[in-house]
file structure30.cif (mmCIF, C-alpha atoms and all ligand atoms)
data_work
loop_
_atom_site.label_atom_id
_atom_site.label_comp_id
_atom_site.auth_asym_id
_atom_site.auth_seq_id
_atom_site.Cartn_x
_atom_site.Cartn_y
_atom_site.Cartn_z
CA MET P 384 -4.76 22.72 20.34
CA PHE P 385 -4.30 20.83 17.10
CA GLN P 386 -4.55 17.23 15.98
CA VAL P 387 -2.14 15.40 13.69
CA LEU P 388 -3.67 13.36 10.89
CA ASN P 389 -1.76 10.15 10.16
CA PRO P 390 0.60 10.03 13.18
CA LEU P 391 3.97 8.43 12.43
CA ASP P 392 3.80 6.26 15.57
CA ALA P 393 0.78 4.40 14.02
CA ILE P 394 -0.99 3.98 17.36
CA CYS P 395 -4.46 3.65 15.85
CA ASP P 396 -6.33 1.16 18.04
CA LYS P 397 -7.64 3.75 20.53
CA PRO P 398 -9.01 7.31 20.35
CA ARG P 399 -6.40 10.02 20.99
CA VAL P 400 -6.79 13.73 21.58
CA GLU P 401 -3.67 14.78 19.71
CA ALA P 402 -3.85 12.51 16.64
CA ILE P 403 -6.23 10.78 14.23
CA CYS P 404 -5.36 7.82 12.03
CA VAL P 405 -6.90 7.48 8.59
CA SER P 406 -8.50 4.21 9.76
CA GLN P 407 -10.35 6.22 12.44
CA LEU P 408 -11.98 8.56 9.95
CA ARG P 409 -15.63 7.85 9.12
CA ASN P 410 -17.02 7.55 5.64
CA ALA P 411 -19.77 10.13 5.08
CA LYS P 412 -21.32 7.93 2.41
CA LYS P 413 -23.01 4.55 2.61
CA VAL P 414 -20.58 1.63 2.68
CA ASP P 415 -21.31 -1.59 0.80
CA GLU P 416 -22.22 -3.98 3.65
CA SER P 417 -20.71 -7.01 1.95
CA ILE P 418 -17.30 -5.32 2.03
CA LEU P 419 -17.53 -5.35 5.82
CA GLN P 420 -18.16 -9.03 6.40
CA GLU P 421 -15.70 -10.57 8.83
CA ARG P 422 -14.15 -12.93 6.28
CA PRO P 423 -13.35 -11.48 2.87
CA ASP P 424 -13.50 -13.71 -0.25
CA VAL P 425 -9.76 -13.40 -0.75
CA LYS P 426 -7.10 -12.29 1.68
CA ILE P 427 -3.73 -11.21 0.31
CA PHE P 428 -0.70 -10.46 2.46
CA LEU P 429 1.88 -8.25 0.78
CA PRO P 430 5.11 -8.03 2.74
CA PHE P 431 7.85 -5.68 1.59
CA ARG P 432 11.12 -4.55 3.05
CA PHE P 433 14.41 -2.92 2.26
CA LEU P 434 17.61 -4.80 1.84
CA PHE P 435 20.13 -3.72 4.46
CA TYR P 436 23.77 -3.61 3.55
CA LYS P 437 26.68 -3.73 5.89
CA PRO P 438 28.98 -0.76 5.22
CA GLU P 439 31.70 -3.08 3.92
CA GLU P 440 29.25 -4.49 1.35
CA LEU P 441 27.94 -1.09 0.31
CA PHE P 442 31.34 0.47 -0.27
CA LYS P 443 33.11 -2.49 -1.82
CA ALA P 444 35.54 -1.43 -4.56
CA ASN P 445 34.42 -1.86 -8.17
CA THR P 446 30.78 -2.52 -7.23
CA TYR P 447 27.70 -0.36 -7.51
CA ASN P 448 24.88 -1.79 -5.41
CA ARG P 449 21.57 -0.86 -6.90
CA PHE P 450 19.37 -0.84 -3.79
CA LEU P 451 18.50 2.14 -1.64
CA VAL P 452 19.27 2.56 2.01
CA GLN P 453 16.23 3.32 4.12
CA SER P 454 15.96 5.99 6.75
CA PRO P 455 14.32 4.45 9.85
CA ASN P 456 11.20 6.65 10.02
CA LEU P 457 9.92 6.36 6.51
CA SER P 458 6.33 5.41 5.83
CA HIS P 459 5.38 4.34 2.30
CA PRO P 460 2.44 6.05 0.56
CA PHE P 461 0.95 3.16 -1.40
CA HIS P 462 -1.37 4.06 -4.26
CA LEU P 463 -3.79 1.77 -6.11
CA HIS P 464 -4.95 2.47 -9.66
CA GLY P 465 -8.44 1.54 -10.82
CA TYR P 466 -10.10 1.47 -7.39
CA SER P 467 -10.71 3.18 -4.11
CA PHE P 468 -10.36 0.96 -1.04
CA HIS P 469 -11.79 0.98 2.48
CA VAL P 470 -9.12 1.41 5.15
CA VAL P 471 -10.05 -0.84 8.10
CA GLY P 472 -6.80 -1.03 10.03
CA ILE P 473 -3.44 0.65 10.56
CA GLY P 474 -0.90 -0.21 13.22
CA ARG P 475 2.24 -1.82 14.50
CA SER P 476 2.63 -5.12 16.31
CA PRO P 477 0.78 -5.20 19.66
CA ASP P 478 3.75 -7.25 20.91
CA GLN P 479 6.10 -4.66 22.43
CA ASN P 480 9.05 -6.99 21.91
CA VAL P 481 8.50 -7.04 18.15
CA LYS P 482 10.01 -3.97 16.54
CA LYS P 483 9.47 -5.04 12.92
CA ILE P 484 6.44 -6.74 11.48
CA ASN P 485 7.27 -9.42 8.91
CA LEU P 486 5.03 -11.84 7.00
CA LYS P 487 5.28 -14.67 9.53
CA HIS P 488 4.43 -12.35 12.43
CA ALA P 489 1.55 -10.71 10.52
CA LEU P 490 0.06 -14.14 9.69
CA ASP P 491 0.42 -15.14 13.31
CA LEU P 492 -1.29 -11.97 14.59
CA ASP P 493 -4.07 -12.36 12.04
CA ARG P 494 -4.68 -15.96 13.03
CA LYS P 495 -4.97 -14.91 16.67
CA GLY P 496 -7.28 -11.99 15.78
CA LEU P 497 -4.75 -9.45 17.02
CA LEU P 498 -4.59 -7.24 13.93
CA HIS P 499 -6.86 -4.36 14.83
CA ARG P 500 -9.72 -3.74 12.39
CA GLN P 501 -12.60 -1.31 12.58
CA PHE P 502 -15.65 -1.83 10.37
CA LYS P 503 -17.68 1.25 11.30
CA LEU P 504 -17.94 3.30 8.10
CA PRO P 505 -14.31 2.81 7.06
CA PRO P 506 -13.05 5.68 4.86
CA LEU P 507 -12.49 5.33 1.13
CA LYS P 508 -9.01 6.18 -0.17
CA ASP P 509 -6.80 5.41 -3.13
CA THR P 510 -3.53 6.13 -1.35
CA ILE P 511 -2.48 5.15 2.16
CA ALA P 512 0.71 5.65 4.16
CA VAL P 513 1.96 2.25 5.34
CA PRO P 514 3.73 2.92 8.65
CA ASN P 515 7.35 1.95 8.97
CA ASN P 516 7.54 -1.54 10.52
CA GLY P 517 3.76 -1.61 10.67
CA TYR P 518 0.76 -2.61 8.59
CA VAL P 519 -2.33 -1.36 6.80
CA ILE P 520 -5.46 -3.45 6.16
CA PHE P 521 -7.84 -2.41 3.42
CA ARG P 522 -10.69 -3.91 1.45
CA PHE P 523 -12.11 -3.42 -2.01
CA ARG P 524 -14.43 -5.23 -4.37
CA ALA P 525 -12.39 -6.30 -7.39
CA ASP P 526 -15.07 -5.42 -9.95
CA ASN P 527 -13.05 -3.28 -12.36
CA PRO P 528 -11.25 -5.60 -14.77
CA GLY P 529 -7.79 -4.70 -15.93
CA PHE P 530 -4.14 -4.58 -15.01
CA TRP P 531 -3.85 -2.17 -12.10
CA LEU P 532 -0.66 -0.79 -10.72
CA PHE P 533 -0.24 -0.79 -6.94
CA HIS P 534 2.88 1.03 -5.85
CA CYS P 535 4.67 3.16 -3.31
CA HIS P 536 4.35 6.73 -4.54
CA PHE P 537 7.99 7.61 -3.92
CA LEU P 538 9.15 7.31 -7.51
CA PHE P 539 12.63 6.25 -6.42
CA HIS P 540 11.00 3.33 -4.54
CA ILE P 541 9.06 2.26 -7.65
CA VAL P 542 12.26 1.97 -9.66
CA ILE P 543 13.82 -0.36 -7.07
CA GLY P 544 10.79 -2.65 -7.15
CA MET P 545 8.21 -1.40 -4.64
CA ASN P 546 5.33 -2.00 -7.01
CA LEU P 547 3.12 -4.75 -8.40
CA ILE P 548 0.19 -5.33 -10.74
CA PHE P 549 -3.25 -6.58 -9.70
CA HIS P 550 -4.64 -8.54 -12.64
CA VAL P 551 -8.43 -8.47 -12.27
CA GLY P 552 -10.60 -10.59 -14.56
CA THR P 553 -9.57 -12.09 -17.89
CA GLN P 554 -9.01 -10.69 -21.35
CA HIS P 555 -12.68 -11.57 -21.99
CA ASP P 556 -13.83 -9.12 -19.26
CA LEU P 557 -12.02 -6.13 -20.73
CA PRO P 558 -14.06 -3.60 -22.74
CA PRO P 559 -13.01 -3.14 -26.38
CA VAL P 560 -10.28 -0.60 -27.13
CA PRO P 561 -11.98 2.74 -28.01
CA GLU P 562 -11.81 3.54 -31.72
CA THR P 563 -10.26 6.92 -30.99
CA PHE P 564 -7.50 5.39 -28.87
CA PRO P 565 -4.14 6.81 -30.06
CA LYS P 566 -2.08 4.50 -32.27
CA CYS P 567 1.36 4.50 -33.81
CA GLY P 568 1.32 6.97 -36.69
CA ASP P 569 -1.10 9.41 -34.96
CA HIS P 570 1.75 11.79 -34.26
CA LEU P 571 4.03 13.57 -36.69
CA PRO P 572 7.77 13.44 -36.15
CA PRO P 573 9.09 16.32 -34.00
CA ILE P 574 10.11 19.58 -35.64
CA MET P 575 13.85 19.46 -36.24
CA PHE P 576 15.82 22.56 -35.45
CA LEU P 577 18.71 23.00 -37.83
CU CU P 601 8.25 3.52 -0.36
#
call {"tool": "encode", "arguments": {"input": "structure30.cif", "output": "structure tokens"}}
result
Amino acid sequence: MFQVLNPLDAICDKPRVEAICVSQLRNAKKVDESILQERPDVKIFLPFRFLFYKPEELFKANTYNRFLVQSPNLSHPFHLHGYSFHVVGIGRSPDQNVKKINLKHALDLDRKGLLHRQFKLPPLKDTIAVPNNGYVIFRFRADNPGFWLFHCHFLFHIVIGMNLIFHVGTQHDLPPVPETFPKCGDHLPPIMFL
């Protein structure tokens, strides 16, 4: 008997014997209560998708389309710099007729309270697999000023645009640059082999 962590089917709204979702793990440490309030200060929806080409578009003579083609079962391991976040929900649409979750549908589900969330000691992570055609809900307190990269960890997805920057605070909130921070001129030119 074994259990799968992070099942690809993303059925995470009920306990299962054969699988555990990350959102069902419990944090062994104390969780900041204010993080768990029903309404967060700011709610951000971040939809992303792949562009699908018809074969005749993809293989058109004298063109080189720069987007990737997605395999249908791919989940995207999103990683946030500068923070850990509490994972409170993972899933797919509860509407069996909806095969793909888009922004409009996610907003609609959220408004109706149908996006499953669990607030009992949600685990702390800095990377989470976003299920294909599904969603992840996480929370963090934006108290670390800076410019923080949030991106899919497949490097070939970063280069086609699956990444963004969270800008937290203002220039005024940033600590001064350390005096020992490397600058131009700190390195000698490379040794030349003749
Ligand atoms: Cu990806």
call {"tool": "closest_atom_pairs", "arguments": {"input": "structure30.cif", "of": "chain P", "to": "ligand CU 601 (chain P)", "cutoff": "12 Å", "atoms": "all atoms listed in the file", "output": "JSON lines"}}
result
{"residue": "P:Phe431", "atom": "CA", "partner": "P:CU601", "partner_atom": "CU", "distance": 9.4}
{"residue": "P:Arg432", "atom": "CA", "partner": "P:CU601", "partner_atom": "CU", "distance": 9.2}
{"residue": "P:Phe433", "atom": "CA", "partner": "P:CU601", "partner_atom": "CU", "distance": 9.3}
{"residue": "P:Leu451", "atom": "CA", "partner": "P:CU601", "partner_atom": "CU", "distance": 10.4}
{"residue": "P:Val452", "atom": "CA", "partner": "P:CU601", "partner_atom": "CU", "distance": 11.3}
{"residue": "P:Gln453", "atom": "CA", "partner": "P:CU601", "partner_atom": "CU", "distance": 9.2}
{"residue": "P:Ser454", "atom": "CA", "partner": "P:CU601", "partner_atom": "CU", "distance": 10.8}
{"residue": "P:Pro455", "atom": "CA", "partner": "P:CU601", "partner_atom": "CU", "distance": 11.9}
{"residue": "P:Asn456", "atom": "CA", "partner": "P:CU601", "partner_atom": "CU", "distance": 11.2}
{"residue": "P:Leu457", "atom": "CA", "partner": "P:CU601", "partner_atom": "CU", "distance": 7.6}
{"residue": "P:Ser458", "atom": "CA", "partner": "P:CU601", "partner_atom": "CU", "distance": 6.8}
{"residue": "P:His459", "atom": "CA", "partner": "P:CU601", "partner_atom": "CU", "distance": 4.0}
{"residue": "P:Pro460", "atom": "CA", "partner": "P:CU601", "partner_atom": "CU", "distance": 6.4}
{"residue": "P:Phe461", "atom": "CA", "partner": "P:CU601", "partner_atom": "CU", "distance": 7.4}
{"residue": "P:His462", "atom": "CA", "partner": "P:CU601", "partner_atom": "CU", "distance": 10.4}
{"residue": "P:Ile511", "atom": "CA", "partner": "P:CU601", "partner_atom": "CU", "distance": 11.1}
{"residue": "P:Ala512", "atom": "CA", "partner": "P:CU601", "partner_atom": "CU", "distance": 9.0}
{"residue": "P:Val513", "atom": "CA", "partner": "P:CU601", "partner_atom": "CU", "distance": 8.6}
{"residue": "P:Pro514", "atom": "CA", "partner": "P:CU601", "partner_atom": "CU", "distance": 10.1}
{"residue": "P:Asn515", "atom": "CA", "partner": "P:CU601", "partner_atom": "CU", "distance": 9.5}
{"residue": "P:Phe533", "atom": "CA", "partner": "P:CU601", "partner_atom": "CU", "distance": 11.6}
{"residue": "P:His534", "atom": "CA", "partner": "P:CU601", "partner_atom": "CU", "distance": 8.1}
{"residue": "P:Cys535", "atom": "CA", "partner": "P:CU601", "partner_atom": "CU", "distance": 4.7}
{"residue": "P:His536", "atom": "CA", "partner": "P:CU601", "partner_atom": "CU", "distance": 6.6}
{"residue": "P:Phe537", "atom": "CA", "partner": "P:CU601", "partner_atom": "CU", "distance": 5.4}
{"residue": "P:Leu538", "atom": "CA", "partner": "P:CU601", "partner_atom": "CU", "distance": 8.1}
{"residue": "P:Phe539", "atom": "CA", "partner": "P:CU601", "partner_atom": "CU", "distance": 8.0}
{"residue": "P:His540", "atom": "CA", "partner": "P:CU601", "partner_atom": "CU", "distance": 5.0}
{"residue": "P:Ile541", "atom": "CA", "partner": "P:CU601", "partner_atom": "CU", "distance": 7.4}
{"residue": "P:Val542", "atom": "CA", "partner": "P:CU601", "partner_atom": "CU", "distance": 10.2}
{"residue": "P:Ile543", "atom": "CA", "partner": "P:CU601", "partner_atom": "CU", "distance": 9.5}
{"residue": "P:Gly544", "atom": "CA", "partner": "P:CU601", "partner_atom": "CU", "distance": 9.5}
{"residue": "P:Met545", "atom": "CA", "partner": "P:CU601", "partner_atom": "CU", "distance": 6.5}
{"residue": "P:Asn546", "atom": "CA", "partner": "P:CU601", "partner_atom": "CU", "distance": 9.1}
call {"tool": "residues_around", "arguments": {"input": "structure30.cif", "residues": "Arg522 of chain P", "least_positions_apart": "6", "cutoff": "10 Å", "atoms": "all atoms listed in the file", "output": "list in words"}}
result
Ile418, Leu419, Pro423, Val425, Lys426, Ser467, Phe468, His469, Val470, Val471, Gly472, Pro505 and Leu507 of chain P
call {"tool": "residues_around", "arguments": {"input": "structure30.cif", "residues": "His488 of chain P", "least_positions_apart": "5", "cutoff": "10 Å", "atoms": "all atoms listed in the file", "output": "PDB file with C-alpha atoms, keeping the file's coordinate frame"}}
result
ATOM      1  CA  SER P 476       2.630  -5.120  16.310  1.00  0.00           C
ATOM      2  CA  ASP P 478       3.750  -7.250  20.910  1.00  0.00           C
ATOM      3  CA  VAL P 481       8.500  -7.040  18.150  1.00  0.00           C
ATOM      4  CA  LYS P 483       9.470  -5.040  12.920  1.00  0.00           C
ATOM      5  CA  ASP P 493      -4.070 -12.360  12.040  1.00  0.00           C
ATOM      6  CA  ARG P 494      -4.680 -15.960  13.030  1.00  0.00           C
TER       7      ARG P 494
END
call {"tool": "residues_around", "arguments": {"input": "structure30.cif", "residues": "Ile484 of chain P", "least_positions_apart": "2", "cutoff": "8 Å", "atoms": "all atoms listed in the file", "output": "list of chain:residue names"}}
result
P:Arg475, P:Ser476, P:Val481, P:Lys482, P:Leu486, P:His488, P:Ala489, P:Asn516, P:Gly517, P:Tyr518
call {"tool": "atom_distance", "arguments": {"input": "structure30.cif", "atom1": "atom CA of Asp415 of chain P", "atom2": "atom CA of Arg399 of chain P"}}
result
27.7 Å
call {"tool": "build_atoms", "arguments": {"input": "structure30.cif", "residues": "segment 391-403 of chain P", "atoms": "N, CA and C atoms", "output": "CSV table (one decimal), keeping the file's coordinate frame"}}
result
chain,number,residue,atom,x,y,z
P,391,LEU,N,2.9,9.3,12.8
P,391,LEU,CA,4.0,8.4,12.4
P,391,LEU,C,4.1,7.2,13.4
P,392,ASP,N,3.7,7.4,14.6
P,392,ASP,CA,3.8,6.3,15.6
P,392,ASP,C,2.8,5.1,15.3
P,393,ALA,N,1.8,5.4,14.4
P,393,ALA,CA,0.8,4.4,14.0
P,393,ALA,C,0.0,3.7,15.2
P,394,ILE,N,-0.2,4.5,16.3
P,394,ILE,CA,-1.0,4.0,17.4
P,394,ILE,C,-2.4,4.4,17.0
P,395,CYS,N,-3.2,3.4,16.5
P,395,CYS,CA,-4.5,3.6,15.8
P,395,CYS,C,-5.6,2.8,16.5
P,396,ASP,N,-5.3,2.0,17.5
P,396,ASP,CA,-6.3,1.2,18.0
P,396,ASP,C,-7.1,1.8,19.2
P,397,LYS,N,-6.9,3.1,19.5
P,397,LYS,CA,-7.6,3.8,20.5
P,397,LYS,C,-7.8,5.2,20.2
P,398,PRO,N,-8.9,5.9,20.6
P,398,PRO,CA,-9.0,7.3,20.4
P,398,PRO,C,-7.9,8.1,21.1
P,399,ARG,N,-7.4,9.2,20.4
P,399,ARG,CA,-6.4,10.0,21.0
P,399,ARG,C,-6.8,11.5,20.8
P,400,VAL,N,-6.4,12.3,21.7
P,400,VAL,CA,-6.8,13.7,21.6
P,400,VAL,C,-5.9,14.5,20.6
P,401,GLU,N,-4.6,14.0,20.5
P,401,GLU,CA,-3.7,14.8,19.7
P,401,GLU,C,-3.5,14.2,18.3
P,402,ALA,N,-4.1,13.1,18.0
P,402,ALA,CA,-3.8,12.5,16.6
P,402,ALA,C,-5.0,11.7,16.2
P,403,ILE,N,-5.2,11.6,14.8
P,403,ILE,CA,-6.2,10.8,14.2
P,403,ILE,C,-5.6,10.0,13.1
